[in-house]
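Participant: Structure file my_file01.csv (CSV, C-alpha atoms) is given on the next line.
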```
chain,number,residue,atom,x,y,z
A,12,MET,CA,125.2,-71.7,-97.1
A,13,ARG,CA,126.9,-74.3,-99.3
A,14,TYR,CA,124.6,-77.2,-98.0
A,15,THR,CA,121.5,-75.0,-98.4
A,16,MET,CA,122.4,-74.5,-102.1
A,17,ILE,CA,123.0,-78.2,-102.7
A,18,LEU,CA,119.6,-79.0,-101.2
A,19,LEU,CA,117.9,-76.5,-103.4
A,20,SER,CA,119.6,-77.8,-106.4
A,21,ALA,CA,118.3,-81.3,-105.6
A,22,MET,CA,114.8,-80.0,-105.1
A,23,LEU,CA,114.9,-78.2,-108.5
A,24,GLY,CA,116.2,-81.4,-110.2
A,25,ALA,CA,113.2,-83.4,-108.8
A,26,GLY,CA,110.7,-80.7,-109.8
A,27,ALA,CA,112.0,-80.4,-113.3
A,28,PHE,CA,112.2,-84.1,-114.1
A,29,GLY,CA,111.2,-84.8,-117.6
A,30,GLN,CA,112.8,-81.7,-119.1
A,31,ASN,CA,116.2,-81.4,-120.6
A,32,LEU,CA,118.2,-79.2,-118.3
A,33,GLY,CA,121.5,-77.3,-118.8
A,34,GLU,CA,124.4,-76.2,-116.7
A,35,ILE,CA,126.9,-73.4,-116.3
A,36,ARG,CA,130.7,-73.9,-115.9
A,37,GLY,CA,133.5,-71.6,-115.3
A,38,ARG,CA,136.4,-70.7,-113.0
A,39,VAL,CA,136.8,-68.0,-110.4
A,40,LEU,CA,140.2,-66.2,-109.8
A,41,ASP,CA,141.3,-63.8,-107.1
A,42,PRO,CA,142.7,-60.4,-108.0
A,43,ASP,CA,146.2,-61.9,-108.5
A,44,GLY,CA,144.9,-64.4,-111.0
A,45,LYS,CA,145.1,-67.4,-108.6
A,46,PRO,CA,142.2,-69.9,-108.2
A,47,LEU,CA,139.7,-68.9,-105.6
A,48,PHE,CA,138.6,-71.9,-103.4
A,49,MET,CA,135.1,-72.0,-101.9
A,50,ALA,CA,133.7,-68.9,-103.7
A,51,ASN,CA,129.9,-68.9,-103.8
A,52,VAL,CA,128.3,-69.2,-107.3
A,53,TYR,CA,124.5,-68.9,-107.5
A,54,THR,CA,121.5,-67.9,-109.4
A,55,THR,CA,117.7,-67.7,-108.8
A,56,VAL,CA,115.2,-70.0,-110.5
A,57,ALA,CA,111.5,-69.4,-109.9
A,58,GLY,CA,112.3,-67.5,-106.7
A,59,GLU,CA,114.6,-70.2,-105.3
A,60,MET,CA,118.3,-69.9,-105.0
A,61,VAL,CA,120.4,-72.6,-106.8
A,62,GLY,CA,124.1,-72.5,-106.2
A,63,THR,CA,127.4,-74.2,-105.7
A,64,THR,CA,131.0,-73.4,-104.6
A,65,THR,CA,134.3,-73.5,-106.4
A,66,ASP,CA,136.8,-76.3,-106.0
A,67,ALA,CA,140.6,-76.1,-105.2
A,68,ASP,CA,141.2,-75.1,-108.9
A,69,GLY,CA,138.6,-72.4,-108.7
A,70,LYS,CA,136.3,-74.3,-111.1
A,71,PHE,CA,132.5,-74.5,-110.6
A,72,LEU,CA,129.6,-76.5,-112.1
A,73,LEU,CA,126.2,-75.1,-111.5
A,74,LYS,CA,123.3,-77.4,-112.3
A,75,PRO,CA,120.5,-78.4,-113.0
A,76,LEU,CA,119.2,-75.2,-114.6
A,77,PRO,CA,116.2,-74.8,-116.9
A,78,THR,CA,116.7,-73.2,-120.3
A,79,GLY,CA,116.6,-69.5,-120.7
A,80,LYS,CA,118.6,-66.5,-119.4
A,81,ASN,CA,120.0,-66.5,-115.9
A,82,GLY,CA,121.7,-63.8,-113.8
A,83,LEU,CA,124.8,-65.5,-112.3
A,84,LYS,CA,126.4,-64.1,-109.1
A,85,ILE,CA,129.8,-64.8,-107.6
A,86,SER,CA,130.7,-63.8,-104.1
A,87,PHE,CA,133.5,-64.2,-101.6
A,88,THR,CA,134.3,-62.4,-98.4
A,89,GLY,CA,136.5,-59.3,-99.0
A,90,PHE,CA,135.7,-59.1,-102.7
A,91,LYS,CA,133.1,-57.3,-104.8
A,92,THR,CA,130.1,-59.5,-105.7
A,93,LYS,CA,130.3,-60.1,-109.5
A,94,GLU,CA,127.1,-60.4,-111.5
A,95,LEU,CA,126.9,-61.8,-115.0
A,96,SER,CA,123.6,-60.7,-116.5
A,97,GLY,CA,121.8,-62.7,-119.2
A,98,VAL,CA,123.8,-65.9,-119.1
A,99,GLU,CA,121.9,-68.1,-121.6
A,100,VAL,CA,121.4,-71.8,-120.7
A,101,VAL,CA,120.5,-74.3,-123.4
A,102,PRO,CA,119.3,-77.9,-122.8
A,103,ASP,CA,121.7,-80.9,-122.6
A,104,ARG,CA,124.8,-78.7,-122.8
A,105,ALA,CA,127.2,-76.7,-120.6
A,106,THR,CA,127.4,-72.9,-120.9
A,107,TYR,CA,131.0,-71.8,-120.3
A,108,VAL,CA,131.5,-68.3,-118.8
A,109,GLY,CA,135.3,-68.7,-118.7
A,110,ASP,CA,137.6,-67.2,-116.1
A,111,GLN,CA,136.0,-64.7,-113.8
A,112,GLN,CA,138.5,-62.5,-111.8
A,113,MET,CA,137.3,-61.0,-108.6
A,114,ALA,CA,138.1,-57.4,-107.4
A,115,TYR,CA,138.7,-56.1,-103.9
A,116,ILE,CA,135.9,-54.1,-102.3
A,117,ASP,CA,136.5,-50.3,-102.5
A,118,ALA,CA,134.6,-47.2,-101.6
A,119,PHE,CA,132.7,-47.1,-104.9
A,120,GLY,CA,130.5,-50.1,-104.4
A,121,GLU,CA,130.4,-53.9,-103.9
A,122,VAL,CA,128.8,-55.2,-107.1
A,123,GLU,CA,130.4,-55.6,-110.5
A,124,ILE,CA,127.9,-56.2,-113.3
A,125,ILE,CA,129.1,-57.7,-116.6
A,126,ALA,CA,126.9,-58.4,-119.7
A,127,TYR,CA,127.2,-62.0,-121.1
A,128,LYS,CA,126.8,-63.0,-124.7
A,129,ARG,CA,126.3,-66.6,-125.8
A,130,LYS,CA,128.8,-68.0,-128.3
A,131,LEU,CA,127.4,-69.1,-131.6
A,132,ILE,CA,129.5,-72.3,-131.8
A,133,ASP,CA,129.7,-74.6,-128.9
A,134,ARG,CA,133.1,-76.4,-128.5
A,135,ASP,CA,131.5,-79.5,-126.9
A,136,ASP,CA,128.8,-80.0,-129.6
A,137,PRO,CA,129.5,-78.2,-132.9
A,138,SER,CA,126.9,-80.3,-134.8
A,139,ARG,CA,124.1,-78.8,-132.7
A,140,MET,CA,122.5,-75.4,-133.2
A,141,SER,CA,120.2,-73.8,-130.7
A,142,LEU,CA,117.9,-70.8,-130.4
A,143,LEU,CA,116.4,-69.4,-127.2
A,144,ALA,CA,113.0,-67.8,-126.9
A,145,SER,CA,114.5,-64.3,-126.6
A,146,GLU,CA,116.4,-64.8,-129.9
A,147,PHE,CA,113.4,-65.5,-132.1
A,148,GLU,CA,110.5,-63.7,-130.3
A,149,ASP,CA,110.5,-61.1,-133.2
A,150,ASP,CA,111.0,-63.5,-136.0
A,151,PRO,CA,108.1,-63.2,-138.5
A,152,THR,CA,108.4,-66.9,-139.4
A,153,ARG,CA,108.2,-68.3,-135.9
A,154,LYS,CA,104.5,-69.4,-136.3
A,155,ASP,CA,105.4,-71.6,-139.2
A,156,PRO,CA,107.9,-74.3,-138.0
A,157,ILE,CA,109.0,-75.3,-141.5
A,158,GLN,CA,109.8,-71.8,-142.6
A,159,PHE,CA,111.3,-71.0,-139.3
A,160,LEU,CA,113.6,-74.0,-139.1
A,161,SER,CA,114.8,-73.8,-142.7
A,162,LYS,CA,115.5,-70.1,-142.3
A,163,ASN,CA,117.4,-70.2,-139.0
A,164,PHE,CA,119.4,-73.5,-139.1
A,165,ALA,CA,122.2,-74.3,-141.5
A,166,GLY,CA,121.8,-77.6,-143.4
A,167,VAL,CA,118.0,-77.6,-143.0
A,168,THR,CA,115.8,-76.9,-146.0
A,169,ALA,CA,112.1,-76.9,-146.7
A,170,ALA,CA,110.7,-79.8,-148.8
A,171,PRO,CA,109.6,-78.8,-152.3
A,172,ASN,CA,105.9,-79.4,-151.4
A,173,GLY,CA,106.3,-77.3,-148.2
A,174,ASP,CA,105.1,-80.1,-145.9
A,175,GLY,CA,108.4,-81.2,-144.4
A,176,LEU,CA,112.1,-80.6,-143.9
A,177,TYR,CA,115.3,-82.0,-145.4
A,178,PHE,CA,118.3,-82.4,-143.1
A,179,ARG,CA,121.4,-82.4,-145.3
A,180,GLY,CA,119.5,-84.3,-148.0
A,181,SER,CA,117.7,-86.7,-145.6
A,182,ARG,CA,113.9,-86.8,-146.0
A,183,THR,CA,111.2,-85.8,-143.5
A,184,GLU,CA,110.4,-89.3,-142.6
A,185,ASN,CA,113.9,-89.8,-141.4
A,186,THR,CA,113.6,-86.9,-139.0
A,187,VAL,CA,112.8,-87.3,-135.3
A,188,SER,CA,111.3,-84.7,-132.9
A,189,PHE,CA,111.4,-84.5,-129.1
A,190,ILE,CA,109.3,-82.2,-127.0
A,191,ASP,CA,110.5,-82.0,-123.3
A,192,GLY,CA,112.4,-85.2,-123.8
A,193,VAL,CA,109.4,-87.1,-125.2
A,194,LYS,CA,109.6,-88.5,-128.7
A,195,VAL,CA,106.9,-87.2,-131.1
A,196,SER,CA,105.9,-89.1,-134.1
A,197,GLY,CA,104.7,-87.6,-137.4
A,198,GLY,CA,105.9,-84.5,-139.2
A,199,VAL,CA,107.4,-81.4,-137.9
A,200,PRO,CA,105.8,-80.6,-134.5
A,201,ARG,CA,103.7,-77.4,-134.2
A,202,VAL,CA,104.1,-75.8,-130.8
A,203,PRO,CA,102.8,-72.2,-130.0
A,204,PRO,CA,105.9,-69.9,-130.1
A,205,SER,CA,104.9,-68.3,-126.8
A,206,ALA,CA,105.3,-71.7,-125.0
A,207,ILE,CA,108.8,-72.5,-126.4
A,208,SER,CA,111.8,-72.0,-124.3
A,209,SER,CA,114.4,-73.2,-126.8
A,210,ILE,CA,114.7,-75.1,-130.1
A,211,SER,CA,117.7,-77.2,-131.0
A,212,VAL,CA,118.6,-79.0,-134.2
A,213,TYR,CA,121.1,-81.8,-134.7
A,214,THR,CA,122.3,-82.3,-138.3
A,215,GLY,CA,125.0,-84.8,-137.4
A,216,GLY,CA,126.9,-86.5,-134.5
A,217,LEU,CA,123.7,-87.5,-132.7
A,218,PRO,CA,123.9,-88.4,-129.0
A,219,ALA,CA,123.0,-92.1,-128.3
A,220,ARG,CA,119.9,-91.2,-126.3
A,221,TYR,CA,118.1,-90.1,-129.5
A,222,GLY,CA,118.4,-93.6,-130.9
A,223,ASP,CA,119.1,-94.8,-134.5
A,224,VAL,CA,118.2,-91.8,-136.6
A,225,THR,CA,119.3,-91.4,-140.3
A,226,GLY,CA,118.1,-87.9,-140.6
A,227,GLY,CA,118.1,-84.9,-138.2
A,228,VAL,CA,116.7,-84.4,-134.7
A,229,ILE,CA,114.5,-81.5,-133.6
A,230,VAL,CA,114.5,-80.9,-129.8
A,231,ILE,CA,112.0,-78.5,-128.4
A,232,GLU,CA,111.9,-77.4,-124.7
A,233,THR,CA,108.8,-75.7,-123.4
A,234,LYS,CA,108.9,-73.0,-120.8
A,235,ALA,CA,108.9,-74.0,-117.2
A,236,TYR,CA,106.7,-72.3,-114.6
A,237,GLY,CA,109.5,-70.1,-113.4
A,238,GLU,CA,110.3,-68.8,-116.9
A,239,MET,CA,106.7,-68.1,-117.7
A,240,PHE,CA,106.3,-66.3,-114.4
A,241,GLU,CA,109.3,-64.1,-115.0
A,242,ALA,CA,108.2,-63.3,-118.5
A,243,GLU,CA,104.8,-62.2,-117.3
A,244,ARG,CA,106.4,-60.2,-114.5
A,245,ARG,CA,108.7,-58.3,-117.0
A,246,LYS,CA,105.7,-57.7,-119.3
A,247,ALA,CA,103.7,-56.2,-116.4
A,248,ILE,CA,106.6,-53.9,-115.4
A,249,MET,CA,107.0,-52.7,-119.0
A,250,GLN,CA,103.2,-52.0,-119.2
A,251,GLU,CA,103.2,-50.1,-116.0
A,252,THR,CA,106.2,-48.0,-117.2
A,253,ASP,CA,104.4,-47.2,-120.4
A,254,ASP,CA,101.3,-46.2,-118.6
A,255,THR,CA,103.3,-43.9,-116.3
A,256,LEU,CA,105.0,-42.2,-119.2
A,257,ARG,CA,101.7,-41.5,-120.8
```
Spell out the structure here as structure tokens.
Facilitator:
Amino acid sequence: MRYTMILLSAMLGAGAFGQNLGEIRGRVLDPDGKPLFMANVYTTVAGEMVGTTTDADGKFLLKPLPTGKNGLKISFTGFKTKELSGVEVVPDRATYVGDQQMAYIDAFGEVEIIAYKRKLIDRDDPSRMSLLASEFEDDPTRKDPIQFLSKNFAGVTAAPNGDGLYFRGSRTENTVSFIDGVKVSGGVPRVPPSAISSISVYTGGLPARYGDVTGGVIVIETKAYGEMFEAERRKAIMQETDDTLR
């Protein structure tokens, strides 16, 4: 199973080339709190399983993963399968789920489901702020990028004439935007909200890959096929449920 997961991970990486991907890190412990070696950690992306196994210290690194929410599962023979629902992956950054302690199988079931909530401040990259599609889908300003960014990201303000953004005092012309890893010239990019998977803003401490920038950086990731497929599937299920209730 381990080698199958590694192969699928490689295939996903090749298919998603050109987009900024994320990863999930954590540690798996047995019921006594000791590291669990060779536990299976996996998720499903566009119908394909992507997974890894824990090392001798119980640690795991699951990648590459597209941005968005993922249901993470952890399994090991003799223990309940643990599922973390709604683990939110953001581009170019690790999502930490911490220590996950397994439980013995009992007569009441074999799956333990835990809700996951993303931390507002990332310990690896405190100068970067990110929002996922699910976090701004009801925002009334989402169709106006200038209003949306100035409202939701600290240190970002709209220019007096309303045509640009200031990043901690730096003018619009000093700001750089990237869409799916490609640099976009001009002002603030306008991308349909329904096509956006995540928006990230750097107001300081820029990574070297973004070049010599004196202002801020806007990074937009569009939805991959799998994410769009899953969104449409959920919408169809909700519509079918509404029709049934009527």
Participant: Enter the distance from CA of Phe189 (chain A) to CA of Ser96 (chain A), in Å, rounded to one decimal.
Facilitator: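 That distance, rounded to one decimal, is 29.6 Å.
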Participant: Return the single residue from A:Asn172, A:Ser205, A:Thr63, A:Ser138 that is closest to Gly227 (chain A), with distances computed using only C-alpha atoms.
Facilitator: A:Ser138
Participant: Between A:Ala144, A:Val212, A:Leu217, A:Ile229, single out the one closest to Gly198 (chain A), counting only C-alpha atoms.
Facilitator: A:Ile229
Participant: Quote the spacing between CA of Ile116 (chain A) and CA of Gly89 (chain A) in Å to one decimal place.
Facilitator: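 The value is 6.2 Å.
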Participant: Between A:Leu95, A:Ala206, A:Ile248, A:Ala219, which is the closest to Thr233 (chain A) once you count all atoms listed in the file?
Facilitator: A:Ala206
Participant: So, with all atoms listed in the file as the atoms that count, which of A:Leu83, A:Met113, A:Met140, A:Val202 lies closest to Asp155 (chain A)?
Facilitator: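 Comparing A:Leu83, A:Met113, A:Met140, A:Val202 against Asp155 (chain A), the winner is A:Val202.
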Participant: Report, in Å to a single decimal, how far apart CA of Ala170 (chain A) and CA of Thr152 (chain A) are.
Facilitator: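 Distance between the two atoms: 16.1 Å.
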Participant: Thr186 (chain A): which residues within 12 Å, counting all atoms listed in the file, same-chain residues fewer than 3 positions away excluded, as an mmCIF file with C-alpha atoms, in the coordinates of the input?
Facilitator:
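Once written, out18.cif looks like this:
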```
data_model
loop_
_atom_site.group_PDB
_atom_site.id
_atom_site.type_symbol
_atom_site.label_atom_id
_atom_site.label_comp_id
_atom_site.auth_asym_id
_atom_site.auth_seq_id
_atom_site.Cartn_x
_atom_site.Cartn_y
_atom_site.Cartn_z
ATOM 1 C CA VAL A 167 118.000 -77.600 -143.000
ATOM 2 C CA GLY A 175 108.400 -81.200 -144.400
ATOM 3 C CA LEU A 176 112.100 -80.600 -143.900
ATOM 4 C CA TYR A 177 115.300 -82.000 -145.400
ATOM 5 C CA PHE A 178 118.300 -82.400 -143.100
ATOM 6 C CA ARG A 179 121.400 -82.400 -145.300
ATOM 7 C CA GLY A 180 119.500 -84.300 -148.000
ATOM 8 C CA SER A 181 117.700 -86.700 -145.600
ATOM 9 C CA ARG A 182 113.900 -86.800 -146.000
ATOM 10 C CA THR A 183 111.200 -85.800 -143.500
ATOM 11 C CA PHE A 189 111.400 -84.500 -129.100
ATOM 12 C CA LYS A 194 109.600 -88.500 -128.700
ATOM 13 C CA VAL A 195 106.900 -87.200 -131.100
ATOM 14 C CA SER A 196 105.900 -89.100 -134.100
ATOM 15 C CA GLY A 197 104.700 -87.600 -137.400
ATOM 16 C CA GLY A 198 105.900 -84.500 -139.200
ATOM 17 C CA VAL A 199 107.400 -81.400 -137.900
ATOM 18 C CA PRO A 200 105.800 -80.600 -134.500
ATOM 19 C CA VAL A 212 118.600 -79.000 -134.200
ATOM 20 C CA TYR A 213 121.100 -81.800 -134.700
ATOM 21 C CA THR A 214 122.300 -82.300 -138.300
ATOM 22 C CA GLY A 215 125.000 -84.800 -137.400
ATOM 23 C CA LEU A 217 123.700 -87.500 -132.700
ATOM 24 C CA TYR A 221 118.100 -90.100 -129.500
ATOM 25 C CA GLY A 222 118.400 -93.600 -130.900
ATOM 26 C CA ASP A 223 119.100 -94.800 -134.500
ATOM 27 C CA VAL A 224 118.200 -91.800 -136.600
ATOM 28 C CA THR A 225 119.300 -91.400 -140.300
ATOM 29 C CA GLY A 226 118.100 -87.900 -140.600
ATOM 30 C CA GLY A 227 118.100 -84.900 -138.200
ATOM 31 C CA VAL A 228 116.700 -84.400 -134.700
ATOM 32 C CA ILE A 229 114.500 -81.500 -133.600
ATOM 33 C CA VAL A 230 114.500 -80.900 -129.800
#
```
Participant: Pick out the closest residue to Gly33 (chain A) from this set: A:Thr255, A:Ser209, A:Ser161, A:Thr88. Count only C-alpha atoms.
Facilitator: A:Ser209
Participant: Find, counting only C-alpha atoms, the residue in A:Ala57, A:Leu40, A:Met49, A:Ile35 that gets nearest to Lys93 (chain A).
Facilitator: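 Going through A:Ala57, A:Leu40, A:Met49, A:Ile35 one by one, the smallest distance to Lys93 (chain A) is for A:Leu40.
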Participant: I'd like the neighbourhood of Asp149 (chain A) as a short mmCIF file (atom, residue, chain, number, x, y, z; two decimals) with C-alpha atoms, in the frame of the given file, where a residue qualifies if any of its atoms comes within 12 Å (using all atoms listed in the file), though same-chain residues fewer than 6 positions away should be ignored.
Facilitator:
```
data_model
loop_
_atom_site.label_atom_id
_atom_site.label_comp_id
_atom_site.auth_asym_id
_atom_site.auth_seq_id
_atom_site.Cartn_x
_atom_site.Cartn_y
_atom_site.Cartn_z
CA LEU A 143 116.40 -69.40 -127.20
CA PHE A 159 111.30 -71.00 -139.30
CA PRO A 204 105.90 -69.90 -130.10
CA SER A 205 104.90 -68.30 -126.80
#
```
